[in-house]
file work27.tsv (TSV, C-alpha atoms)
chain	number	residue	atom	x	y	z
A	11	MET	CA	33.18	56.60	-33.20
A	12	GLU	CA	33.55	54.71	-29.95
A	13	ARG	CA	31.27	51.79	-29.32
A	14	THR	CA	29.51	51.76	-26.04
A	15	GLN	CA	29.72	48.36	-24.31
A	16	ILE	CA	26.42	47.33	-22.83
A	17	GLU	CA	26.83	45.40	-19.61
A	18	THR	CA	24.57	42.39	-19.22
A	19	PRO	CA	23.58	41.32	-15.75
A	20	ASP	CA	24.86	38.02	-14.41
A	21	LEU	CA	21.75	35.86	-14.39
A	22	ALA	CA	23.17	33.49	-11.78
A	23	ALA	CA	23.98	36.38	-9.48
A	24	SER	CA	20.55	37.92	-10.00
A	25	VAL	CA	18.79	34.95	-8.41
A	26	SER	CA	17.95	35.92	-4.87
A	27	PRO	CA	18.74	33.64	-1.92
A	28	GLN	CA	15.00	33.45	-1.21
A	29	ARG	CA	14.36	32.18	-4.73
A	30	ARG	CA	17.05	29.55	-4.39
A	31	LEU	CA	15.66	28.44	-1.05
A	32	HIS	CA	12.19	28.26	-2.61
A	33	ASP	CA	13.49	26.05	-5.45
A	34	VAL	CA	15.22	23.74	-2.98
A	35	TRP	CA	12.04	23.49	-0.93
A	36	ARG	CA	9.95	22.62	-3.99
A	37	PHE	CA	12.49	19.99	-5.01
A	38	ALA	CA	12.32	18.44	-1.53
A	39	LEU	CA	8.52	18.40	-1.64
A	40	ARG	CA	8.52	16.81	-5.06
A	41	PHE	CA	10.56	13.90	-3.75
A	42	GLN	CA	9.11	13.91	-0.25
A	43	ALA	CA	8.87	10.11	-0.05
A	44	TYR	CA	12.57	9.60	-0.79
A	45	PHE	CA	13.70	12.28	1.63
A	46	GLY	CA	11.26	10.98	4.22
A	47	LEU	CA	12.69	7.48	3.92
A	48	LEU	CA	16.24	8.77	4.23
A	49	ALA	CA	15.32	10.90	7.25
A	50	ILE	CA	13.59	8.11	9.14
A	51	LEU	CA	16.42	5.68	8.38
A	52	LEU	CA	18.96	8.11	9.84
A	53	LEU	CA	16.75	8.91	12.82
A	54	SER	CA	16.05	5.24	13.53
A	55	THR	CA	19.76	4.43	13.36
A	56	LEU	CA	20.52	7.15	15.89
A	57	LEU	CA	17.67	6.23	18.24
A	58	SER	CA	18.11	2.46	18.05
A	59	PRO	CA	19.07	0.58	21.21
A	60	VAL	CA	22.54	-0.99	21.19
A	61	ARG	CA	23.06	-4.51	22.46
A	62	ASP	CA	26.50	-6.09	22.81
A	63	GLY	CA	27.95	-3.28	20.72
A	64	ARG	CA	25.45	-3.92	17.87
A	65	ASN	CA	22.90	-1.48	16.57
A	66	ILE	CA	19.67	-3.49	16.81
A	67	PHE	CA	17.86	-1.51	14.12
A	68	LEU	CA	20.63	-2.15	11.57
A	69	ASP	CA	20.74	-5.87	12.28
A	70	PRO	CA	20.02	-7.69	8.97
A	71	GLY	CA	17.34	-9.80	10.63
A	72	ASN	CA	15.54	-6.72	11.90
A	73	LEU	CA	15.71	-5.01	8.50
A	74	LEU	CA	14.25	-8.10	6.84
A	75	ASN	CA	11.44	-8.13	9.39
A	76	ILE	CA	10.70	-4.50	8.51
A	77	ALA	CA	10.45	-5.48	4.86
A	78	ARG	CA	8.27	-8.48	5.72
A	79	PHE	CA	5.70	-6.40	7.59
A	80	ALA	CA	5.85	-3.60	5.00
A	81	SER	CA	4.97	-6.07	2.26
A	82	GLU	CA	1.44	-6.77	3.45
A	83	ASN	CA	0.47	-3.13	3.85
A	84	GLY	CA	2.46	-2.20	0.75
A	85	ILE	CA	0.56	-4.60	-1.50
A	86	ILE	CA	-2.74	-3.12	-0.33
A	87	ALA	CA	-1.32	0.39	-0.78
A	88	ILE	CA	-0.43	-0.39	-4.41
A	89	GLY	CA	-4.07	-1.14	-5.19
A	90	MET	CA	-5.17	1.88	-3.17
A	91	THR	CA	-2.83	4.05	-5.26
A	92	LEU	CA	-4.61	3.10	-8.49
A	93	VAL	CA	-8.00	3.88	-6.97
A	94	ILE	CA	-6.90	7.23	-5.53
A	95	LEU	CA	-5.26	8.21	-8.81
A	96	THR	CA	-8.73	8.09	-10.39
A	97	GLY	CA	-10.10	10.33	-7.65
A	98	GLY	CA	-11.72	7.51	-5.66
A	99	ILE	CA	-10.99	5.73	-2.40
A	100	ASP	CA	-11.38	2.14	-1.16
A	101	LEU	CA	-12.26	1.70	2.51
A	102	SER	CA	-13.18	-1.98	2.13
A	103	VAL	CA	-9.66	-3.44	1.72
A	104	GLY	CA	-9.15	-4.27	5.41
A	105	ALA	CA	-12.48	-6.07	5.73
A	106	LEU	CA	-11.90	-7.79	2.39
A	107	LEU	CA	-8.56	-9.05	3.73
A	108	ALA	CA	-10.42	-10.56	6.69
A	109	LEU	CA	-13.00	-12.18	4.41
A	110	CYS	CA	-10.35	-13.74	2.16
A	111	ALA	CA	-8.19	-14.84	5.10
A	112	VAL	CA	-11.18	-16.59	6.65
A	113	GLY	CA	-12.07	-18.04	3.25
A	114	ALA	CA	-8.57	-19.40	2.69
A	115	ALA	CA	-8.49	-21.04	6.13
A	116	ALA	CA	-11.99	-22.49	5.70
A	117	CYS	CA	-11.30	-23.83	2.21
A	118	MET	CA	-8.18	-25.71	3.27
A	119	THR	CA	-9.25	-26.97	6.70
A	120	HIS	CA	-13.03	-27.38	6.36
A	121	LEU	CA	-13.42	-28.15	2.66
A	122	ASN	CA	-10.03	-29.88	2.23
A	123	LEU	CA	-9.27	-27.93	-0.93
A	124	GLY	CA	-5.72	-27.81	-2.23
A	125	ILE	CA	-3.53	-24.74	-2.52
A	126	ALA	CA	-4.26	-23.94	-6.16
A	127	PRO	CA	-8.09	-23.99	-5.87
A	128	THR	CA	-7.96	-22.01	-2.62
A	129	VAL	CA	-5.65	-19.33	-4.01
A	130	ALA	CA	-7.67	-19.05	-7.23
A	131	LEU	CA	-10.97	-18.75	-5.35
A	132	MET	CA	-9.69	-16.09	-2.95
A	133	LEU	CA	-8.07	-13.97	-5.66
A	134	ALA	CA	-11.24	-14.22	-7.74
A	135	MET	CA	-13.32	-13.27	-4.70
A	136	GLY	CA	-11.14	-10.24	-4.06
A	137	ALA	CA	-11.30	-9.07	-7.66
A	138	GLY	CA	-15.06	-9.69	-7.74
A	139	VAL	CA	-15.75	-7.67	-4.60
A	140	GLY	CA	-13.53	-4.88	-5.94
A	141	ALA	CA	-15.35	-4.91	-9.28
A	142	ALA	CA	-18.67	-4.73	-7.40
A	143	ASN	CA	-17.41	-1.60	-5.65
A	144	GLY	CA	-16.57	-0.09	-9.01
A	145	LEU	CA	-19.89	-1.04	-10.61
A	146	VAL	CA	-21.97	0.39	-7.76
A	147	THR	CA	-19.90	3.57	-7.82
A	148	THR	CA	-20.18	4.10	-11.58
A	149	ARG	CA	-23.61	2.69	-12.43
A	150	LEU	CA	-25.49	4.10	-9.44
A	151	GLY	CA	-23.49	7.31	-9.19
A	152	ILE	CA	-22.65	6.77	-5.52
A	153	GLN	CA	-19.43	8.22	-4.16
A	154	SER	CA	-16.72	5.60	-3.67
A	155	PHE	CA	-16.38	6.65	-0.03
A	156	ILE	CA	-19.97	5.57	0.67
A	157	THR	CA	-19.84	2.47	-1.55
A	158	THR	CA	-16.69	1.05	-0.02
A	159	LEU	CA	-17.77	2.01	3.51
A	160	ALA	CA	-20.89	-0.11	2.98
A	161	MET	CA	-18.78	-2.92	1.51
A	162	MET	CA	-16.45	-2.74	4.51
A	163	SER	CA	-19.37	-3.46	6.80
A	164	ALA	CA	-20.77	-6.19	4.55
A	165	ALA	CA	-17.44	-7.98	4.09
A	166	ARG	CA	-16.68	-7.87	7.82
A	167	GLY	CA	-20.13	-9.30	8.57
A	168	ALA	CA	-19.71	-12.04	5.94
A	169	ALA	CA	-16.33	-12.98	7.41
A	170	SER	CA	-17.88	-13.25	10.87
A	171	LEU	CA	-20.71	-15.45	9.58
A	172	TRP	CA	-18.31	-17.68	7.63
A	173	SER	CA	-16.10	-18.22	10.68
A	174	SER	CA	-18.99	-18.34	13.20
A	175	GLY	CA	-17.36	-15.41	14.98
A	176	GLN	CA	-14.25	-17.44	15.77
A	177	ALA	CA	-10.75	-17.52	14.29
A	178	ILE	CA	-10.14	-20.52	12.03
A	179	PRO	CA	-6.68	-21.87	12.93
A	180	LEU	CA	-4.31	-23.09	10.25
A	181	THR	CA	-2.55	-26.25	11.35
A	182	PHE	CA	-0.16	-27.42	8.67
A	183	GLY	CA	0.26	-31.07	7.83
A	184	MET	CA	-1.06	-33.88	5.67
A	185	GLY	CA	-4.57	-35.13	6.30
A	186	THR	CA	-8.16	-34.08	6.85
A	187	GLY	CA	-8.60	-30.73	8.54
A	188	LEU	CA	-4.96	-29.73	7.98
A	189	ALA	CA	-3.62	-27.08	5.62
A	190	PRO	CA	-0.94	-28.13	3.11
A	191	PRO	CA	2.54	-27.21	4.44
A	192	ALA	CA	3.42	-25.79	1.03
A	193	PHE	CA	0.95	-22.96	1.64
A	194	LYS	CA	3.10	-21.72	4.52
A	195	SER	CA	6.33	-21.87	2.56
A	196	LEU	CA	4.72	-20.34	-0.52
A	197	PHE	CA	3.36	-17.21	1.18
A	198	ALA	CA	5.33	-16.89	4.43
A	199	GLY	CA	8.54	-18.76	3.74
A	200	GLU	CA	12.05	-17.57	3.02
A	201	LEU	CA	14.38	-17.75	0.05
A	202	ASN	CA	18.15	-17.75	0.36
A	203	VAL	CA	19.58	-14.81	-1.56
A	204	LEU	CA	23.33	-14.26	-1.23
A	205	GLY	CA	23.32	-15.90	2.16
A	206	LEU	CA	20.34	-13.91	3.46
A	207	ALA	CA	17.00	-15.53	4.25
A	208	VAL	CA	14.76	-13.10	2.35
A	209	PRO	CA	11.06	-13.34	3.31
A	210	THR	CA	8.82	-14.55	0.51
A	211	PRO	CA	6.28	-11.70	0.99
A	212	LEU	CA	8.97	-9.26	-0.11
A	213	PHE	CA	9.01	-10.86	-3.58
A	214	TYR	CA	5.23	-10.55	-3.88
A	215	PHE	CA	5.51	-6.91	-2.80
A	216	ALA	CA	8.23	-6.13	-5.33
A	217	GLY	CA	6.47	-8.05	-8.09
A	218	ALA	CA	3.13	-6.32	-7.52
A	219	GLY	CA	4.85	-2.94	-7.45
A	220	LEU	CA	6.76	-3.60	-10.67
A	221	LEU	CA	3.68	-4.79	-12.55
A	222	ALA	CA	1.56	-1.87	-11.32
A	223	SER	CA	4.28	0.63	-12.27
A	224	LEU	CA	4.56	-0.84	-15.75
A	225	LEU	CA	0.78	-0.76	-16.06
A	226	LEU	CA	0.67	2.94	-15.20
A	227	ARG	CA	3.73	4.08	-17.13
A	228	ARG	CA	3.83	1.84	-20.19
A	229	THR	CA	0.21	1.21	-21.19
A	230	GLY	CA	-2.70	3.19	-22.52
A	231	PHE	CA	-4.75	2.09	-19.53
A	232	GLY	CA	-2.25	3.78	-17.21
A	233	ARG	CA	-2.57	7.03	-19.14
A	234	HIS	CA	-6.34	6.76	-18.84
A	235	VAL	CA	-6.04	6.32	-15.05
A	236	TYR	CA	-4.14	9.59	-14.75
A	237	ALA	CA	-6.50	11.30	-17.19
A	238	VAL	CA	-9.60	10.30	-15.23
A	239	GLY	CA	-8.09	11.52	-11.98
A	240	SER	CA	-6.89	14.79	-13.49
A	241	ASN	CA	-10.10	15.77	-15.26
A	242	GLU	CA	-12.88	13.23	-15.62
A	243	THR	CA	-14.95	15.37	-17.98
A	244	ALA	CA	-12.02	16.01	-20.33
A	245	ALA	CA	-11.11	12.32	-20.26
A	246	ARG	CA	-14.66	11.31	-21.18
A	247	LEU	CA	-14.77	13.85	-24.02
A	248	SER	CA	-11.46	12.45	-25.26
A	249	GLY	CA	-13.03	9.02	-25.67
A	250	VAL	CA	-11.86	7.40	-22.42
A	251	ASN	CA	-14.30	4.85	-20.99
A	252	VAL	CA	-14.30	6.32	-17.49
A	253	SER	CA	-16.60	3.67	-16.02
A	254	ARG	CA	-14.41	0.84	-17.28
A	255	VAL	CA	-11.30	2.46	-15.87
A	256	ARG	CA	-12.89	2.90	-12.45
A	257	VAL	CA	-14.24	-0.65	-12.30
A	258	THR	CA	-10.84	-2.02	-13.33
A	259	VAL	CA	-8.86	-0.14	-10.67
A	260	PHE	CA	-11.30	-1.24	-7.96
A	261	ALA	CA	-11.01	-4.84	-9.19
A	262	ILE	CA	-7.21	-4.60	-9.02
A	263	SER	CA	-7.45	-3.16	-5.51
A	264	GLY	CA	-9.64	-6.07	-4.43
A	265	PHE	CA	-7.32	-8.59	-6.07
A	266	LEU	CA	-4.30	-7.19	-4.22
A	267	ALA	CA	-6.22	-7.12	-0.93
A	268	ALA	CA	-6.92	-10.84	-1.44
A	269	LEU	CA	-3.23	-11.47	-2.16
A	270	ALA	CA	-2.36	-9.65	1.07
A	271	ALA	CA	-4.92	-11.86	2.85
A	272	LEU	CA	-3.10	-15.00	1.71
A	273	LEU	CA	0.17	-13.58	3.04
A	274	HIS	CA	-1.51	-12.57	6.28
A	275	ALA	CA	-3.19	-15.93	6.91
A	276	SER	CA	0.05	-17.82	6.27
A	277	MET	CA	2.04	-15.53	8.59
A	278	VAL	CA	-0.39	-15.57	11.55
A	279	ASN	CA	-1.54	-19.18	10.97
A	280	GLN	CA	-5.23	-18.35	11.03
A	281	GLY	CA	-8.11	-16.57	9.38
A	282	SER	CA	-10.23	-14.31	11.56
A	283	HIS	CA	-13.07	-11.86	11.00
A	284	ILE	CA	-11.14	-9.23	12.97
A	285	ASP	CA	-8.06	-9.44	10.75
A	286	GLY	CA	-7.15	-6.35	8.77
A	287	ALA	CA	-8.77	-3.88	11.15
A	288	GLY	CA	-7.43	-0.42	10.31
A	289	TYR	CA	-5.47	-1.68	7.30
A	290	GLU	CA	-7.36	0.66	4.99
A	291	LEU	CA	-6.09	3.64	6.98
A	292	ASN	CA	-2.52	2.33	6.90
A	293	ALA	CA	-2.77	1.92	3.13
A	294	ILE	CA	-4.14	5.43	2.67
A	295	ALA	CA	-1.38	6.76	4.92
A	296	ALA	CA	1.28	5.02	2.81
A	297	VAL	CA	-0.22	6.45	-0.37
A	298	VAL	CA	-0.35	9.99	1.03
A	299	ILE	CA	3.16	9.82	2.47
A	300	GLY	CA	4.31	8.56	-0.92
A	301	GLY	CA	3.15	11.78	-2.57
A	302	THR	CA	-0.08	10.70	-4.25
A	303	SER	CA	-2.71	13.43	-4.27
A	304	LEU	CA	-6.03	12.48	-2.66
A	305	SER	CA	-7.78	14.52	-5.34
A	306	GLY	CA	-6.39	12.19	-8.02
A	307	GLY	CA	-4.23	12.48	-11.10
A	308	VAL	CA	-0.84	12.79	-9.35
A	309	GLY	CA	1.24	10.06	-7.78
A	310	THR	CA	3.35	6.96	-8.31
A	311	VAL	CA	3.32	3.36	-7.16
A	312	LEU	CA	6.96	3.59	-6.10
A	313	GLY	CA	6.11	6.50	-3.80
A	314	SER	CA	3.39	4.43	-2.11
A	315	MET	CA	5.78	1.50	-1.67
A	316	ILE	CA	8.26	3.83	0.01
A	317	GLY	CA	5.42	5.15	2.16
A	318	ALA	CA	4.67	1.60	3.32
A	319	LEU	CA	8.34	1.12	4.20
A	320	ILE	CA	8.36	4.39	6.16
A	321	LEU	CA	5.37	3.26	8.23
A	322	SER	CA	6.94	-0.15	8.85
A	323	ILE	CA	10.22	1.45	9.97
A	324	LEU	CA	8.28	3.81	12.22
A	325	ASP	CA	6.45	0.90	13.87
A	326	ASN	CA	9.72	-0.98	14.27
A	327	ILE	CA	11.79	1.76	15.88
A	328	LEU	CA	8.96	2.77	18.21
A	329	GLY	CA	8.64	-0.86	19.22
A	330	LEU	CA	12.38	-1.12	19.84
A	331	ARG	CA	12.14	1.95	22.07
A	332	ASN	CA	9.13	0.43	23.89
A	333	ILE	CA	6.88	3.35	22.95
A	334	GLN	CA	3.21	2.65	23.69
A	335	SER	CA	1.02	1.83	20.69
A	336	GLU	CA	-1.23	4.82	21.47
A	337	TYR	CA	1.67	7.19	20.85
A	338	GLN	CA	2.43	5.33	17.63
A	339	LEU	CA	-1.10	6.07	16.36
A	340	ILE	CA	-0.80	9.74	17.31
A	341	LEU	CA	2.53	10.02	15.51
A	342	LYS	CA	1.13	8.35	12.39
A	343	GLY	CA	-1.75	10.82	12.35
A	344	ALA	CA	0.66	13.74	12.59
A	345	ILE	CA	2.77	12.36	9.74
A	346	ILE	CA	-0.30	12.02	7.50
A	347	VAL	CA	-1.30	15.64	8.14
A	348	LEU	CA	2.23	16.85	7.44
A	349	ALA	CA	2.33	14.83	4.20
A	350	VAL	CA	-0.93	16.43	3.00
A	351	VAL	CA	0.36	19.90	3.92
A	352	ALA	CA	3.54	19.16	1.96
A	353	GLN	CA	1.44	18.19	-1.07
A	354	ARG	CA	-0.41	21.50	-0.94
A	355	GLN	CA	2.85	23.40	-0.67
A	356	SER	CA	4.28	21.57	-3.68
A	357	ARG	CA	1.24	22.55	-5.78

call {"tool": "encode", "arguments": {"input": "work27.tsv", "output": "structure tokens"}}
result
Amino acid sequence: MERTQIETPDLAASVSPQRRLHDVWRFALRFQAYFGLLAILLLSTLLSPVRDGRNIFLDPGNLLNIARFASENGIIAIGMTLVILTGGIDLSVGALLALCAVGAAACMTHLNLGIAPTVALMLAMGAGVGAANGLVTTRLGIQSFITTLAMMSAARGAASLWSSGQAIPLTFGMGTGLAPPAFKSLFAGELNVLGLAVPTPLFYFAGAGLLASLLLRRTGFGRHVYAVGSNETAARLSGVNVSRVRVTVFAISGFLAALAALLHASMVNQGSHIDGAGYELNAIAAVVIGGTSLSGGVGTVLGSMIGALILSILDNILGLRNIQSEYQLILKGAIIVLAVVAQRQSR
């Protein structure tokens, strides 16, 4: 008896081109922050002005400046990531930056406090304001959008009262009314790394990102953050202290906003009640571009850090091309919308 050979279809050949294209598209959306960074780097290189045969964008000094300015927004975005992962939002970070910048300038120039007491007080103030946001949100059952919007107004008003509506200049030197010179070098200085003068803020940015990533990926608290954002009811039934998680992430967000305030005050040599205006929107934009879902439960700190770099590169190349700031704001808004659309497509 002859055996009939049954032909089996080639599985690889059976995959349609549309299916393959769909898989590639989903892969690109999954790593949208990385592809976005690569795309804007290539585009900026091509569009950069050339001076004396040198690409200005690729100049090491310009790239380090991009990293310097990304650090401030990036540190705030790291804290914002933790809050958004739990399904909340923090609109008070920009005003809190102003309050802590004014506080740092006032402590050193008006109260003649040293660096250590000033830094400790401002970081504690930031964490305390953040914890207050979390407590009001959880204990009173008020949405974080409303709570932090109210805190944004209160912190901005407190900063204006503390500074009498005027910027408090930071003049560095030794003596009464002068800020210690070490404050400038500590938060806005440079370190020589392999012959490059690397801005100090970049180390704070990298350090904050590393610690936050380890917190999310290697600890039980990090798993609770994702659980609360994914399904708060299920997390509570599983024994997670949802209120404690929310208060903690808001406190971390406030702490990092205060750290950014110290960097900001040292870089601009002042503390003003108008500092940090719009910084909360930049931080949210970095988080969204980085792939974190605004509904919570999905996202990474690294993605938000890349999002902050993308925004800094965008500001830089538009500045090099002498594009008006109004067009920069319009382009940022378009990028945010596209990032949210990409998130929906990936889901």

call {"tool": "residues_around", "arguments": {"input": "work27.tsv", "residues": "A:Gly307", "least_positions_apart": "2", "cutoff": "10 Å", "atoms": "all atoms listed in the file", "output": "VMD selection string"}}
result
chain A and resid 92 94 to 97 233 to 242 302 to 305 309 to 310

call {"tool": "residues_around", "arguments": {"input": "work27.tsv", "residues": "A:Gln280", "least_positions_apart": "5", "cutoff": "10 Å", "atoms": "only C-alpha atoms", "output": "list in words"}}
result
Ala111, Val112, Ala114, Ala115, Ala116, Ala177, Ile178, Pro179, Leu180, Thr181, His274, Ala275 and Asp285 of chain A

call {"tool": "write_last_selection", "arguments": {"input": "work27.tsv", "atoms": "C-alpha atoms", "output": "PDB file, in the frame of the given file"}}
result
ATOM      1  CA  ALA A 111      -8.190 -14.840   5.100  1.00  0.00           C
ATOM      2  CA  VAL A 112     -11.180 -16.590   6.650  1.00  0.00           C
ATOM      3  CA  ALA A 114      -8.570 -19.400   2.690  1.00  0.00           C
ATOM      4  CA  ALA A 115      -8.490 -21.040   6.130  1.00  0.00           C
ATOM      5  CA  ALA A 116     -11.990 -22.490   5.700  1.00  0.00           C
ATOM      6  CA  ALA A 177     -10.750 -17.520  14.290  1.00  0.00           C
ATOM      7  CA  ILE A 178     -10.140 -20.520  12.030  1.00  0.00           C
ATOM      8  CA  PRO A 179      -6.680 -21.870  12.930  1.00  0.00           C
ATOM      9  CA  LEU A 180      -4.310 -23.090  10.250  1.00  0.00           C
ATOM     10  CA  THR A 181      -2.550 -26.250  11.350  1.00  0.00           C
ATOM     11  CA  HIS A 274      -1.510 -12.570   6.280  1.00  0.00           C
ATOM     12  CA  ALA A 275      -3.190 -15.930   6.910  1.00  0.00           C
ATOM     13  CA  ASP A 285      -8.060  -9.440  10.750  1.00  0.00           C
TER      14      ASP A 285
END

call {"tool": "residues_around", "arguments": {"input": "work27.tsv", "residues": "stretch 200-205 of chain A", "least_positions_apart": "5", "cutoff": "12 Å", "atoms": "only C-alpha atoms", "output": "list in words"}}
result
Pro70, Leu74, Asn75, Arg78, Lys194, Ser195, Thr210, Pro211, Leu212, Phe213, Tyr214 and Met277 of chain A

call {"tool": "write_last_selection", "arguments": {"input": "work27.tsv", "atoms": "C-alpha atoms", "output": "short mmCIF file (atom, residue, chain, number, x, y, z; two decimals), keeping the file's coordinate frame"}}
result
data_model
loop_
_atom_site.label_atom_id
_atom_site.label_comp_id
_atom_site.auth_asym_id
_atom_site.auth_seq_id
_atom_site.Cartn_x
_atom_site.Cartn_y
_atom_site.Cartn_z
CA PRO A 70 20.02 -7.69 8.97
CA LEU A 74 14.25 -8.10 6.84
CA ASN A 75 11.44 -8.13 9.39
CA ARG A 78 8.27 -8.48 5.72
CA LYS A 194 3.10 -21.72 4.52
CA SER A 195 6.33 -21.87 2.56
CA THR A 210 8.82 -14.55 0.51
CA PRO A 211 6.28 -11.70 0.99
CA LEU A 212 8.97 -9.26 -0.11
CA PHE A 213 9.01 -10.86 -3.58
CA TYR A 214 5.23 -10.55 -3.88
CA MET A 277 2.04 -15.53 8.59
#

call {"tool": "atom_distance", "arguments": {"input": "work27.tsv", "atom1": "atom CA of A:Ile66", "atom2": "atom CA of A:Phe215"}}
result
24.4 Å

call {"tool": "atom_distance", "arguments": {"input": "work27.tsv", "atom1": "atom CA of A:Val347", "atom2": "atom CA of A:Met162"}}
result
24.1 Å

call {"tool": "residues_around", "arguments": {"input": "work27.tsv", "residues": "A:Ala168", "least_positions_apart": "5", "cutoff": "12 Å", "atoms": "all atoms listed in the file", "output": "VMD selection string"}}
result
chain A and resid 105 to 113 161 to 163 173 to 175 282 to 284

call {"tool": "atom_distance", "arguments": {"input": "work27.tsv", "atom1": "atom CA of A:Ala222", "atom2": "atom CA of A:Gly89"}}
result
8.4 Å

call {"tool": "closest_residue", "arguments": {"input": "work27.tsv", "among": "A:Gly63, A:Val129, A:Ala87, A:Ser253", "to": "A:Leu196", "atoms": "only C-alpha atoms"}}
result
A:Val129

call {"tool": "closest_residue", "arguments": {"input": "work27.tsv", "among": "A:Leu56, A:Ile346, A:Leu312, A:Leu330", "to": "A:Gly84", "atoms": "all atoms listed in the file"}}
result
A:Leu312

call {"tool": "closest_residue", "arguments": {"input": "work27.tsv", "among": "A:Ala349, A:Leu206, A:Leu339, A:Ala287", "to": "A:Gly71", "atoms": "only C-alpha atoms"}}
result
A:Leu206

call {"tool": "closest_residue", "arguments": {"input": "work27.tsv", "among": "A:Ala142, A:Val103, A:Leu188, A:Leu226", "to": "A:Leu291", "atoms": "only C-alpha atoms"}}
result
A:Val103
